[in-house]
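Q: The structure follows.
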Amino acid sequence: MRLLLDEQHSPELAHQLRARGHDVDAVAARAELVSLEDDALLDLAAADRRALTTEDVRDFRYEHRRRIAEGRTHYGIVFTSRFSRRKERIGGLIAAIAEFLDARPEDDALRNEVAWL
C-alpha cells in the first residue's frame, strides 16, 4: 500500500517511513497540495493509488461515505488521531504505520475502506 500523509503530518514522518522501504508522500512537503480541499486531495490520492493518512476524522469520514454512495473509488483512508504529533513522540506513529503497511503490501489493500491506527 502506498500512502499520502495529510498536511498535519510532518514530511519527516514520510522520510522515516521511506527509509523503512515504504512508498509514502507528504502533503506538507508539496506546496501545491497544502490547503487543497478534502475532496480534491482524496481525488489526487486515488489517482496515484495512495491511501490517505489523516487525523481529520470528521471531514474524511464524510468524504468516504459520500464517495461510496456515489460509486466513486478511493484507495483507503487511515485515521491516526490517537497519536501525538510532537517530534519527540513520532516513533510510535512511525512504528504503527510501518506495521500497518507491512501487513498490506497491495496498492488496493484498503480500497474504499477506512482503518484506524
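In the C-alpha cells, each chain is lettered A, B, ... as it comes, each chain's residues begin at 1, and ligands are numbered from 1 in order of appearance.
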From a DSSP pass on the backbone, collect the residues of stretch 53-91 of chain A flagged as strand (DSSP E or B) and hand them back as a list in words.
A: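 Those residues are Thr53, Thr54, Ile77, Val78 and Phe79 of chain A.
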Q: Please list as a list in words every residue within 9 Å of stretch 93-110 of chain A, counting only C-alpha atoms and excluding residues in the same chain fewer than 4 positions away.
A: Met1, Arg2, Leu3, Leu13, Ala14, Gln16, Leu17, Arg20, His22, Arg49, Arg50, Ala51, His74, Tyr75, Gly76, Ile77, Val78, Thr80, Phe83, Ser84, Arg85, Arg89, Val114, Ala115 and Leu117 of chain A
Q: Would you tabulate, counting only C-alpha atoms, all residues of stretch 51-96 of chain A that have an atom at most 8 Å from an atom of stretch 25-43 of chain A, showing the closest pair of atoms and their distance in Å to one decimal, sorted by chain then ascending number, as JSON lines?
A:
{"residue": "A:Leu52", "atom": "CA", "partner": "A:Leu42", "partner_atom": "CA", "distance": 7.0}
{"residue": "A:Asp59", "atom": "CA", "partner": "A:Asp38", "partner_atom": "CA", "distance": 7.4}
{"residue": "A:Phe60", "atom": "CA", "partner": "A:Asp38", "partner_atom": "CA", "distance": 7.2}
{"residue": "A:Glu63", "atom": "CA", "partner": "A:Asp39", "partner_atom": "CA", "distance": 6.7}
{"residue": "A:His74", "atom": "CA", "partner": "A:Leu42", "partner_atom": "CA", "distance": 6.9}
Q: What does the distance between atom CA of A:Arg65 and atom CA of A:Arg111 come to in Å, to one decimal place?
A: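 About the pair atom CA of A:Arg65 and atom CA of A:Arg111: they are 13.1 Å apart.
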Q: Write out as a PyMOL selection string all residues of stretch 13-105 of chain A that backbone DSSP assigns to helix (DSSP H, G or I).
A: chain A and resi 13-19+27-29+38-47+57-70+87-102
Q: Rounded to one decimal place, report the atom CA of A:Glu55-atom CA of A:Gly71 distance in Å.
A: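 Atom-to-atom, atom CA of A:Glu55 to atom CA of A:Gly71, that is 24.2 Å.
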Q: Return the single residue from A:Val57, A:Leu4, A:Ile68, A:Leu44 that is closest to A:Arg18, with distances computed using only C-alpha atoms.
A: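 Of the candidates, the smallest distance to A:Arg18 is held by A:Leu4.
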